[in-house]
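Source file: query-v3.txt. Holds: compact mmCIF, C-alpha atoms.
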```txt
# COMPACT_ATOMS: atom_id res chain seq x y z
CA MET Q 30 127.09 -73.96 21.32
CA ALA Q 31 123.68 -75.59 21.70
CA ILE Q 32 122.44 -77.89 18.96
CA GLU Q 33 119.31 -79.80 19.97
CA TYR Q 34 117.57 -82.62 18.10
CA LEU Q 35 113.80 -82.32 18.46
CA LYS Q 36 113.46 -85.42 16.25
CA ARG Q 37 116.04 -87.99 15.18
CA GLY Q 38 116.02 -90.58 12.43
CA LYS Q 39 117.35 -94.15 12.45
CA PRO Q 40 120.69 -94.51 14.24
CA ASP Q 41 123.75 -94.89 12.00
CA SER Q 42 124.20 -98.51 13.13
CA GLU Q 43 120.85 -99.51 11.61
CA ARG Q 44 121.55 -97.56 8.43
CA ASN Q 45 124.92 -99.32 8.12
CA GLU Q 46 123.19 -102.71 8.44
CA ASP Q 47 120.88 -101.77 5.57
CA ASP Q 48 123.89 -100.71 3.47
CA ALA Q 49 125.67 -104.02 4.13
CA LYS Q 50 122.65 -106.04 2.97
CA THR Q 51 122.43 -103.93 -0.17
CA ARG Q 52 126.15 -104.44 -0.93
CA ASN Q 53 125.82 -108.23 -0.77
CA VAL Q 54 122.76 -108.35 -3.03
CA VAL Q 55 124.39 -106.08 -5.61
CA GLU Q 56 127.67 -107.99 -5.64
CA SER Q 57 126.03 -111.34 -6.36
CA THR Q 58 123.69 -109.82 -8.94
CA LEU Q 59 126.49 -108.15 -10.91
CA LYS Q 60 128.48 -111.39 -10.87
CA ASP Q 61 125.45 -113.22 -12.28
CA ILE Q 62 125.09 -110.66 -15.08
CA GLU Q 63 128.78 -110.97 -15.93
CA GLU Q 64 128.58 -114.76 -16.08
CA ARG Q 65 125.21 -115.25 -17.81
CA GLY Q 66 124.59 -112.00 -19.69
CA ASP Q 67 121.18 -111.62 -21.30
CA THR Q 68 119.81 -114.70 -19.55
CA ALA Q 69 120.49 -113.20 -16.13
CA VAL Q 70 119.06 -109.82 -17.18
CA ARG Q 71 115.87 -111.46 -18.40
CA GLU Q 72 115.44 -113.53 -15.23
CA LEU Q 73 115.96 -110.44 -13.06
CA SER Q 74 113.45 -108.46 -15.12
CA GLU Q 75 110.90 -111.23 -14.79
CA LYS Q 76 111.52 -111.50 -11.05
CA PHE Q 77 111.43 -107.81 -10.13
CA ASP Q 78 109.33 -106.21 -12.88
CA ASN Q 79 107.29 -109.14 -14.23
CA TYR Q 80 108.47 -108.00 -17.66
CA SER Q 81 109.96 -110.20 -20.40
CA PRO Q 82 109.53 -108.78 -23.94
CA LEU Q 83 110.99 -110.29 -27.09
CA SER Q 84 113.60 -107.54 -27.01
CA PHE Q 85 114.40 -105.13 -24.19
CA ARG Q 86 115.58 -102.59 -26.75
CA LEU Q 87 112.76 -100.53 -28.23
CA SER Q 88 112.59 -100.30 -32.02
CA GLU Q 89 112.01 -96.99 -33.80
CA SER Q 90 108.41 -97.98 -34.50
CA GLU Q 91 107.82 -98.90 -30.85
CA ILE Q 92 109.26 -95.57 -29.75
CA ALA Q 93 107.03 -93.68 -32.20
CA ALA Q 94 103.95 -95.60 -31.02
CA LEU Q 95 104.71 -94.81 -27.39
CA ILE Q 96 105.30 -91.11 -28.07
CA ALA Q 97 101.94 -91.00 -29.88
CA LYS Q 98 100.28 -91.97 -26.59
CA VAL Q 99 101.62 -88.89 -24.78
CA ALA Q 100 99.08 -86.09 -24.44
CA PRO Q 101 99.98 -82.98 -26.46
CA ARG Q 102 100.20 -80.79 -23.36
CA ASP Q 103 102.49 -83.30 -21.63
CA LEU Q 104 104.70 -83.42 -24.72
CA GLU Q 105 104.94 -79.62 -24.78
CA ASP Q 106 105.82 -79.61 -21.07
CA ILE Q 107 108.59 -82.15 -21.68
CA LYS Q 108 109.97 -80.03 -24.52
CA PHE Q 109 109.86 -76.88 -22.37
CA ALA Q 110 111.76 -78.57 -19.54
CA GLN Q 111 114.37 -79.96 -21.93
CA GLU Q 112 114.86 -76.53 -23.45
CA GLN Q 113 115.69 -75.13 -20.00
CA VAL Q 114 118.10 -77.98 -19.27
CA ARG Q 115 119.79 -77.61 -22.65
CA LYS Q 116 120.18 -73.83 -22.22
CA PHE Q 117 121.99 -74.18 -18.92
CA ALA Q 118 124.06 -77.17 -20.08
CA GLN Q 119 125.11 -75.27 -23.23
CA ALA Q 120 126.14 -72.26 -21.13
CA GLN Q 121 128.22 -74.60 -18.97
CA ARG Q 122 129.77 -76.20 -22.06
CA ASP Q 123 130.62 -72.81 -23.50
CA SER Q 124 132.53 -71.99 -20.31
CA MET Q 125 134.86 -74.96 -20.83
CA LEU Q 126 137.55 -73.84 -23.23
CA ASP Q 127 140.27 -75.75 -25.00
CA ILE Q 128 143.56 -74.00 -24.26
CA GLU Q 129 147.03 -73.82 -25.81
CA ILE Q 130 149.87 -71.72 -24.43
CA GLU Q 131 153.59 -71.27 -25.06
CA THR Q 132 155.17 -71.68 -21.62
CA LEU Q 133 158.75 -71.24 -22.89
CA PRO Q 134 159.97 -70.25 -26.35
CA GLY Q 135 159.18 -73.26 -28.53
CA VAL Q 136 157.30 -75.23 -25.81
CA ILE Q 137 153.57 -75.61 -26.45
CA LEU Q 138 151.19 -77.05 -23.83
CA GLY Q 139 147.45 -77.42 -24.15
CA HIS Q 140 144.35 -79.35 -23.32
CA LYS Q 141 141.27 -80.47 -25.22
CA ASN Q 142 137.83 -81.27 -23.83
CA ILE Q 143 136.72 -84.50 -25.51
CA PRO Q 144 133.33 -86.18 -24.98
CA VAL Q 145 133.29 -89.69 -23.57
CA GLN Q 146 132.46 -92.00 -26.45
CA SER Q 147 129.51 -93.82 -24.87
CA VAL Q 148 127.30 -93.26 -21.86
CA GLY Q 149 124.62 -95.30 -20.12
CA CYS Q 150 121.86 -93.10 -18.69
CA TYR Q 151 119.72 -94.74 -16.03
CA VAL Q 152 116.27 -93.22 -15.61
CA PRO Q 153 114.39 -94.49 -12.52
CA GLY Q 154 110.75 -95.31 -13.00
CA GLY Q 155 109.56 -98.44 -11.24
CA LYS Q 156 107.63 -96.58 -8.54
CA PHE Q 157 107.30 -93.14 -10.13
CA PRO Q 158 108.03 -92.55 -13.84
CA MET Q 159 110.95 -90.13 -13.54
CA VAL Q 160 110.44 -88.23 -16.79
CA ALA Q 161 112.71 -85.40 -15.67
CA SER Q 162 115.69 -87.72 -15.13
CA ALA Q 163 115.80 -88.28 -18.89
CA HIS Q 164 116.31 -84.54 -19.43
CA MET Q 165 119.07 -84.41 -16.87
CA SER Q 166 121.15 -87.30 -18.16
CA VAL Q 167 120.25 -87.81 -21.82
CA ALA Q 168 119.77 -84.20 -22.98
CA THR Q 169 122.90 -83.07 -21.13
CA ALA Q 170 124.94 -85.86 -22.76
CA SER Q 171 123.60 -84.70 -26.11
CA VAL Q 172 124.77 -81.13 -25.45
CA ALA Q 173 128.20 -82.52 -24.54
CA GLY Q 174 128.38 -84.29 -27.91
CA VAL Q 175 128.52 -87.90 -26.69
CA PRO Q 176 128.32 -90.04 -29.89
CA ARG Q 177 126.56 -93.04 -28.30
CA ILE Q 178 123.89 -92.37 -25.69
CA VAL Q 179 122.21 -95.45 -24.20
CA ALA Q 180 119.17 -94.99 -21.97
CA ALA Q 181 117.52 -97.56 -19.72
CA THR Q 182 114.40 -97.34 -17.58
CA PRO Q 183 112.25 -99.95 -15.84
CA PRO Q 184 108.73 -100.76 -17.02
CA PHE Q 185 105.96 -98.89 -15.24
CA ASN Q 186 102.98 -101.05 -14.35
CA GLY Q 187 104.27 -103.77 -16.65
CA ALA Q 188 104.94 -101.69 -19.77
CA PRO Q 189 107.21 -98.92 -21.05
CA ASN Q 190 106.09 -95.52 -19.79
CA PRO Q 191 105.26 -93.37 -22.82
CA ALA Q 192 106.27 -90.05 -21.24
CA VAL Q 193 109.66 -91.38 -20.07
CA ILE Q 194 110.36 -92.91 -23.51
CA ALA Q 195 109.36 -89.64 -25.18
CA ALA Q 196 111.74 -87.69 -22.95
CA MET Q 197 114.59 -90.13 -23.67
CA HIS Q 198 114.00 -89.93 -27.42
CA LEU Q 199 113.61 -86.14 -27.53
CA GLY Q 200 116.67 -85.83 -25.30
CA GLY Q 201 118.80 -87.58 -27.91
CA ALA Q 202 119.12 -91.22 -26.85
CA HIS Q 203 120.47 -93.49 -29.57
CA GLU Q 204 119.43 -96.76 -27.88
CA ILE Q 205 116.54 -97.17 -25.44
CA TYR Q 206 116.14 -100.27 -23.25
CA VAL Q 207 113.25 -101.06 -20.91
CA ILE Q 208 115.25 -102.59 -18.06
CA GLY Q 209 115.36 -101.52 -14.42
CA GLY Q 210 117.53 -101.62 -11.33
CA ILE Q 211 120.80 -103.46 -10.92
CA GLN Q 212 120.20 -105.40 -14.12
CA ALA Q 213 120.03 -102.16 -16.14
CA VAL Q 214 123.23 -100.53 -14.89
CA GLY Q 215 124.98 -103.91 -14.82
CA ALA Q 216 124.08 -104.68 -18.42
CA MET Q 217 125.15 -101.23 -19.63
CA ALA Q 218 128.47 -101.34 -17.79
CA ILE Q 219 129.43 -105.00 -18.19
CA GLY Q 220 127.77 -105.64 -21.53
CA THR Q 221 125.77 -108.67 -22.66
CA GLU Q 222 125.29 -110.56 -25.90
CA THR Q 223 122.92 -107.83 -27.13
CA ILE Q 224 124.12 -104.70 -25.29
CA ASP Q 225 127.56 -103.26 -25.93
CA PRO Q 226 129.18 -101.89 -22.76
CA VAL Q 227 129.47 -98.14 -22.20
CA HIS Q 228 132.34 -96.04 -20.89
CA LEU Q 229 130.34 -93.99 -18.35
CA LEU Q 230 127.25 -94.57 -16.19
CA VAL Q 231 125.08 -91.64 -15.07
CA GLY Q 232 121.75 -91.05 -13.42
CA PRO Q 233 120.06 -91.36 -10.04
CA GLY Q 234 118.43 -94.44 -8.58
CA ASN Q 235 117.54 -96.29 -5.44
CA ALA Q 236 120.05 -97.68 -2.95
CA TYR Q 237 120.65 -100.77 -5.14
CA VAL Q 238 121.37 -98.72 -8.26
CA ALA Q 239 123.70 -96.41 -6.34
CA GLU Q 240 125.58 -99.38 -4.87
CA ALA Q 241 125.82 -101.05 -8.28
CA LYS Q 242 127.41 -97.91 -9.69
CA ARG Q 243 129.84 -97.84 -6.76
CA GLN Q 244 130.89 -101.45 -7.39
CA LEU Q 245 131.21 -100.85 -11.14
CA LEU Q 246 133.41 -97.77 -10.71
CA GLY Q 247 136.74 -98.52 -12.34
CA ARG Q 248 135.30 -100.86 -14.93
CA VAL Q 249 133.42 -97.77 -16.12
CA GLY Q 250 133.28 -94.17 -14.98
CA ILE Q 251 130.32 -92.93 -12.99
CA ASP Q 252 128.93 -89.46 -12.52
CA LEU Q 253 128.65 -89.59 -8.72
CA PHE Q 254 126.95 -91.50 -5.92
CA ALA Q 255 123.35 -90.45 -6.47
CA GLY Q 256 121.30 -92.64 -4.18
CA PRO Q 257 118.01 -92.07 -2.37
CA THR Q 258 116.87 -88.45 -2.26
CA GLU Q 259 118.00 -86.24 0.62
CA THR Q 260 116.59 -82.84 1.50
CA MET Q 261 117.42 -80.22 4.09
CA VAL Q 262 115.40 -77.11 4.87
CA ILE Q 263 117.30 -74.27 6.54
CA ALA Q 264 114.71 -71.84 7.85
CA ASP Q 265 114.09 -69.07 10.35
CA GLU Q 266 110.92 -67.22 11.31
CA THR Q 267 110.73 -65.44 7.95
CA VAL Q 268 108.75 -68.46 6.73
CA ASP Q 269 105.96 -70.54 8.23
CA ALA Q 270 105.55 -74.17 9.20
CA GLU Q 271 103.33 -75.06 6.24
CA MET Q 272 106.11 -74.15 3.81
CA CYS Q 273 108.77 -76.05 5.77
CA ALA Q 274 106.60 -79.15 6.17
CA THR Q 275 105.61 -79.10 2.49
CA ASP Q 276 109.21 -78.87 1.34
CA LEU Q 277 110.31 -81.71 3.63
CA LEU Q 278 107.51 -84.10 2.69
CA GLY Q 279 107.71 -83.15 -0.97
CA GLN Q 280 111.04 -84.99 -1.11
CA ALA Q 281 110.30 -87.68 1.50
CA GLU Q 282 107.75 -89.16 -0.91
CA HIS Q 283 110.59 -90.35 -3.20
CA GLY Q 284 111.19 -93.53 -1.20
CA TYR Q 285 111.18 -95.21 2.18
CA ASN Q 286 114.72 -94.08 3.00
CA SER Q 287 114.82 -90.44 1.92
CA PRO Q 288 116.29 -88.25 4.68
CA ALA Q 289 114.43 -84.99 5.31
CA ILE Q 290 115.95 -82.55 7.82
CA LEU Q 291 114.83 -79.18 9.16
CA VAL Q 292 117.57 -76.96 10.58
CA THR Q 293 116.26 -73.87 12.32
CA ASN Q 294 117.01 -71.36 15.05
CA SER Q 295 113.33 -71.02 15.92
CA ARG Q 296 111.82 -73.42 18.46
CA LYS Q 297 108.38 -72.11 17.54
CA LEU Q 298 108.91 -72.94 13.86
CA ALA Q 299 110.36 -76.36 14.72
CA GLU Q 300 107.41 -77.35 16.89
CA GLU Q 301 104.82 -75.99 14.47
CA THR Q 302 106.50 -77.85 11.59
CA LEU Q 303 106.17 -81.12 13.50
CA THR Q 304 102.46 -80.45 13.90
CA GLU Q 305 102.09 -79.42 10.26
CA ILE Q 306 103.83 -82.58 9.05
CA ASP Q 307 101.33 -84.70 10.99
CA ARG Q 308 98.47 -82.75 9.39
CA ILE Q 309 99.80 -83.07 5.83
CA LEU Q 310 100.55 -86.78 6.17
CA LYS Q 311 96.85 -87.39 6.81
CA ILE Q 312 95.92 -85.97 3.38
CA LEU Q 313 99.03 -86.54 1.22
CA PRO Q 314 98.30 -89.20 -1.46
CA THR Q 315 101.89 -90.45 -1.18
CA ALA Q 316 101.78 -90.60 2.61
CA ASN Q 317 102.40 -94.35 2.68
CA THR Q 318 105.92 -93.66 1.46
CA ALA Q 319 106.55 -90.21 2.92
CA SER Q 320 105.44 -91.20 6.41
CA VAL Q 321 107.94 -94.07 6.57
CA SER Q 322 110.76 -91.83 5.35
CA TRP Q 323 109.83 -89.17 7.87
CA MET Q 324 109.55 -91.66 10.74
CA ASP Q 325 112.86 -93.39 10.00
CA TYR Q 326 114.93 -90.62 8.41
CA GLY Q 327 113.29 -87.32 9.34
CA GLU Q 328 115.09 -84.97 11.71
CA ILE Q 329 114.52 -81.54 13.23
CA ILE Q 330 117.63 -79.79 14.52
CA LEU Q 331 117.35 -76.66 16.63
CA CYS Q 332 120.33 -74.29 16.71
CA ASP Q 333 121.05 -71.08 18.59
CA THR Q 334 122.79 -69.16 15.80
CA TYR Q 335 123.10 -68.95 12.03
CA ASP Q 336 126.72 -70.03 12.34
CA GLU Q 337 125.57 -73.25 14.03
CA MET Q 338 122.99 -73.78 11.29
CA LEU Q 339 125.75 -73.39 8.69
CA GLU Q 340 127.98 -75.84 10.56
CA VAL Q 341 125.23 -78.48 10.74
CA ALA Q 342 124.41 -78.01 7.07
CA ASP Q 343 128.00 -78.34 5.87
CA ASP Q 344 128.58 -81.38 8.08
CA THR Q 345 125.45 -83.09 6.71
CA ALA Q 346 126.25 -82.19 3.06
CA SER Q 347 122.66 -82.85 2.01
CA GLU Q 348 121.73 -83.40 -1.61
CA HIS Q 349 119.09 -80.64 -1.74
CA VAL Q 350 119.29 -77.63 0.56
CA GLN Q 351 116.32 -75.28 0.64
CA VAL Q 352 117.34 -72.00 2.32
CA MET Q 353 114.57 -69.69 3.54
CA THR Q 354 116.02 -67.11 5.93
CA ASP Q 355 116.66 -63.40 6.28
CA ARG Q 356 120.19 -64.01 4.88
CA ASP Q 357 119.92 -66.47 1.99
CA ASP Q 358 122.89 -64.98 0.12
CA TRP Q 359 125.03 -65.37 3.26
CA PHE Q 360 124.43 -69.13 3.08
CA LEU Q 361 125.24 -69.07 -0.66
CA GLU Q 362 128.54 -67.33 0.09
CA ASN Q 363 129.51 -69.52 3.01
CA MET Q 364 128.16 -73.02 2.41
CA THR Q 365 130.77 -75.41 0.98
CA CYS Q 366 129.25 -78.93 1.08
CA TYR Q 367 125.92 -79.68 -0.61
CA GLY Q 368 124.38 -80.95 -3.82
CA ALA Q 369 122.37 -77.92 -4.91
CA LEU Q 370 121.01 -74.83 -3.17
CA PHE Q 371 117.46 -73.52 -3.55
CA LEU Q 372 117.42 -69.97 -2.28
CA GLY Q 373 114.38 -68.15 -0.95
CA PRO Q 374 110.74 -69.14 -0.45
CA ARG Q 375 109.81 -68.50 -4.10
CA THR Q 376 111.92 -71.42 -5.28
CA ASN Q 377 111.86 -75.04 -4.16
CA VAL Q 378 113.49 -78.38 -4.82
CA ALA Q 379 110.72 -79.48 -7.18
CA ASN Q 380 111.73 -76.60 -9.51
CA GLY Q 381 115.20 -78.09 -9.79
CA ASP Q 382 113.91 -81.64 -10.00
CA LYS Q 383 111.58 -81.00 -12.91
CA VAL Q 384 112.00 -77.87 -14.96
CA ILE Q 385 114.15 -74.89 -14.00
CA GLY Q 386 117.24 -76.07 -15.90
CA THR Q 387 119.83 -77.05 -13.31
CA ASN Q 388 120.59 -80.75 -13.08
CA HIS Q 389 118.78 -82.85 -10.49
CA THR Q 390 121.30 -85.72 -10.40
CA LEU Q 391 123.14 -84.68 -7.26
CA PRO Q 392 125.57 -86.14 -4.67
CA THR Q 393 124.13 -88.03 -1.69
CA LYS Q 394 125.58 -89.70 1.41
CA LYS Q 395 127.94 -86.76 2.07
CA ALA Q 396 129.50 -86.97 -1.41
CA GLY Q 397 128.83 -83.24 -1.68
CA ARG Q 398 132.02 -82.81 0.34
CA TYR Q 399 134.10 -83.71 -2.74
CA THR Q 400 131.91 -83.43 -5.83
CA GLY Q 401 129.10 -81.41 -7.29
CA GLY Q 402 126.23 -82.83 -9.29
CA LEU Q 403 125.88 -84.10 -12.83
CA TRP Q 404 126.61 -81.44 -15.44
CA VAL Q 405 127.80 -81.23 -19.00
CA GLY Q 406 131.43 -81.38 -17.82
CA LYS Q 407 130.92 -84.90 -16.44
CA TYR Q 408 130.61 -86.13 -20.02
CA LEU Q 409 133.86 -84.46 -21.07
CA LYS Q 410 137.42 -85.63 -20.52
CA THR Q 411 140.08 -82.95 -20.34
CA HIS Q 412 143.19 -84.31 -22.06
CA SER Q 413 146.52 -82.52 -22.10
CA TYR Q 414 149.10 -82.47 -24.90
CA GLN Q 415 152.63 -81.14 -25.35
CA LYS Q 416 154.89 -80.31 -28.27
CA ILE Q 417 158.37 -78.83 -28.59
CA LEU Q 418 159.02 -76.86 -31.75
CA THR Q 419 162.68 -75.80 -31.60
CA ASP Q 420 166.06 -77.42 -31.03
CA GLU Q 421 166.82 -74.86 -28.32
CA ALA Q 422 163.65 -75.76 -26.37
CA ALA Q 423 164.32 -79.50 -26.74
CA THR Q 424 167.83 -78.98 -25.34
CA LEU Q 425 166.77 -76.75 -22.46
CA VAL Q 426 163.90 -78.96 -21.29
CA GLY Q 427 165.99 -82.08 -21.91
CA GLU Q 428 168.79 -80.88 -19.65
CA TYR Q 429 166.39 -80.15 -16.79
CA GLY Q 430 164.50 -83.40 -17.39
CA SER Q 431 167.72 -85.43 -17.37
CA ARG Q 432 168.96 -84.01 -14.09
CA LEU Q 433 165.56 -84.36 -12.40
CA SER Q 434 165.26 -87.97 -13.61
CA MET Q 435 168.67 -88.82 -12.15
CA LEU Q 436 167.65 -87.13 -8.89
CA GLU Q 437 164.99 -89.83 -8.58
CA GLY Q 438 167.23 -92.63 -9.87
CA PHE Q 439 165.41 -93.11 -13.18
CA VAL Q 440 168.31 -93.64 -15.58
CA GLY Q 441 166.07 -94.68 -18.48
CA HIS Q 442 164.04 -91.51 -18.08
CA ALA Q 443 167.27 -89.50 -18.10
CA GLU Q 444 168.40 -91.18 -21.29
CA GLN Q 445 165.16 -90.19 -23.04
CA CYS Q 446 166.09 -86.60 -22.25
CA ASN Q 447 169.80 -87.10 -23.05
CA LEU Q 448 168.97 -88.46 -26.49
CA ARG Q 449 167.17 -85.21 -27.34
CA VAL Q 450 170.04 -83.13 -25.97
CA ARG Q 451 172.47 -85.06 -28.17
CA ARG Q 452 170.27 -84.87 -31.25
CA TYR Q 453 169.16 -81.27 -30.97
CA GLY Q 454 171.77 -79.61 -28.73
CA GLY Q 455 174.57 -79.23 -31.29
CA LYS Q 456 177.89 -79.07 -29.51
CA ASN Q 457 176.23 -78.61 -26.11
CA ILE Q 458 176.20 -82.38 -25.45
CA ALA Q 459 175.99 -84.31 -22.19
CA TYR Q 460 176.94 -87.63 -23.75
CA GLY Q 461 175.73 -90.77 -22.03
CA LYS Q 462 175.05 -89.18 -18.64
CA ALA Q 463 172.78 -86.64 -17.09
CA ALA Q 464 173.37 -83.16 -18.48
CA GLU Q 465 175.42 -81.00 -16.13
```

Mind converting the file's structure to structure tokens?
Amino acid sequence: MAIEYLKRGKPDSERNEDDAKTRNVVESTLKDIEERGDTAVRELSEKFDNYSPLSFRLSESEIAALIAKVAPRDLEDIKFAQEQVRKFAQAQRDSMLDIEIETLPGVILGHKNIPVQSVGCYVPGGKFPMVASAHMSVATASVAGVPRIVAATPPFNGAPNPAVIAAMHLGGAHEIYVIGGIQAVGAMAIGTETIDPVHLLVGPGNAYVAEAKRQLLGRVGIDLFAGPTETMVIADETVDAEMCATDLLGQAEHGYNSPAILVTNSRKLAEETLTEIDRILKILPTANTASVSWMDYGEIILCDTYDEMLEVADDTASEHVQVMTDRDDWFLENMTCYGALFLGPRTNVANGDKVIGTNHTLPTKKAGRYTGGLWVGKYLKTHSYQKILTDEAATLVGEYGSRLSMLEGFVGHAEQCNLRVRRYGGKNIAYGKAAE
């Protein structure tokens, strides 16, 4: 096996130092929000966003005025994207069935899929107004039937971004707040004097938002750890360097710490991609961000075989994986750890981010090893129920339950079962002890 790094990013030790600093900032900020509520939220908004309105919650008239500022073509584009997201989310919801079966005569078991009762949807937007994130979190929650959908987004250039607010409103948000960062997810999860707490937090964000969600897990549910964007391009000589470089830098522009990795079995493609990245960075309007991400977090990994490429990809568990090879379906069949796959040169990560209909809130930092991305099922809780309809079933299950409880030493458990055997078992009684 020969896996060679033609370019490496920051060592793990430096990345861990960054994570530790983030943890400390988030912990103290959340504590401040818990202790001082709206006052802390307002101070944080003033400090980080230079924004302090009379109310952070937008009124219906404010929402209408903002939507009126959105160009008609932009509004139509937002509606088109939301239609695609809703279609796929509805298909997913339709696949989740309530069930009820009779496992023994008179024994009924089932489960129901029940929406969470309130959700806080964070929509990033301080640096770039993430219009599409509103589709992914708010519209999907609406398809799931969540009765209270709260949406929060930071101001953009000192004011609410009309397109983001339009997307939130059209997506089905019941409450819209113009608050960003830790203060937004903290306020939604912990609650303040003016914001009732939610049961679930969803949505992507920067490293601080992701860490805040991690620290709030337990107090509320979260969708997943969706931190800074990650992208991996798996490519062979069926594609060229321009396409690989474009797909890497297209995601590196998200932030200063967005990993972008090329995995290839072609040295020629690897070297040409390095050259092409240098060329594009000279003309890319977002190069100030993308160049830092590429310098600190960009990697090019050269493998001998497709099996090695698969091994590297599964070990990395990248958020976005763009596959452009002579065997794309082979990667689809064999890859097990990732956020979402984008198969073939005709598709790309931007499709998934903005419009195609799959959800762009995806696992980062190797979380793809144990979870997929945000989907309609994240807003649903699957609750089981049981009922026994006949005396015979109550007696049969009670006898087994009694003996198994005594096997573990739980006498009180056994007596719950014994009581039913005595009440419903007629003459077949195991009085006062485990049924024999």

Exercise. Determine, counting all atoms listed in the file, which protein, DNA and RNA residues have an atom within 12 Å of an atom of Ala241 of chain Q; residues of the same chain fewer than 2 positions away are not included. Present the result as a VMD selection string.
Key: chain Q and resid 48 51 to 60 62 151 210 to 219 230 to 239 243 to 249 251 253 to 256

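The list of residues with at least one atom within 8 Å of segment 322-328 of chain Q, based on all atoms listed in the file and without residues fewer than 3 positions apart in the same chain, reads Tyr34, Leu35, Lys36, Arg37, Gly38, Lys39, Leu278, Ala281, Glu282, Gly284, Tyr285, Asn286, Ser287, Pro288, Ala289, Ile290, Leu291, Thr318 and Ala319 of chain Q.
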
Now that the selection is made, can you save its residues with C-alpha atoms as a tab-separated table (two decimals), in the frame of the given file?
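What landed in selection-v9.tsv:
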```
chain	number	residue	atom	x	y	z
Q	34	TYR	CA	117.57	-82.62	18.10
Q	35	LEU	CA	113.80	-82.32	18.46
Q	36	LYS	CA	113.46	-85.42	16.25
Q	37	ARG	CA	116.04	-87.99	15.18
Q	38	GLY	CA	116.02	-90.58	12.43
Q	39	LYS	CA	117.35	-94.15	12.45
Q	278	LEU	CA	107.51	-84.10	2.69
Q	281	ALA	CA	110.30	-87.68	1.50
Q	282	GLU	CA	107.75	-89.16	-0.91
Q	284	GLY	CA	111.19	-93.53	-1.20
Q	285	TYR	CA	111.18	-95.21	2.18
Q	286	ASN	CA	114.72	-94.08	3.00
Q	287	SER	CA	114.82	-90.44	1.92
Q	288	PRO	CA	116.29	-88.25	4.68
Q	289	ALA	CA	114.43	-84.99	5.31
Q	290	ILE	CA	115.95	-82.55	7.82
Q	291	LEU	CA	114.83	-79.18	9.16
Q	318	THR	CA	105.92	-93.66	1.46
Q	319	ALA	CA	106.55	-90.21	2.92
```

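Comparing the minimum interatomic distances between Lys407 of chain Q and each of Q:Ala118, Q:Ile92, Q:Val350, Q:Ala264, counting all atoms listed in the file, we find that Q:Ala118 sits nearest.
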
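One distance worth recording is that between atom CA of Met197 of chain Q and atom CA of Ala168 of chain Q, which is 7.9 Å.
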
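For the atom pair formed by atom CA of Ile130 of chain Q and atom CA of Leu418 of chain Q, the distance is 12.8 Å, given to one decimal.
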
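For the atom pair formed by atom CA of Val426 of chain Q and atom CA of Glu129 of chain Q, the distance is 18.2 Å, given to one decimal.
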
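Here the question is which of Q:Ile417, Q:Gly135, Q:Cys366, Q:Glu64 gets nearest to Tyr399 of chain Q using only C-alpha atoms, and that residue is Q:Cys366.
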
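Comparing Q:Lys416, Q:Glu444, Q:Asp61, Q:Arg375 by their smallest distance to Leu138 of chain Q, the closest is Q:Lys416 (using all atoms listed in the file).
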
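If you measure from each of Q:Asp307, Q:Glu72, Q:Glu348, Q:Glu91 to Pro392 of chain Q using only C-alpha atoms, the closest one turns out to be Q:Glu348.
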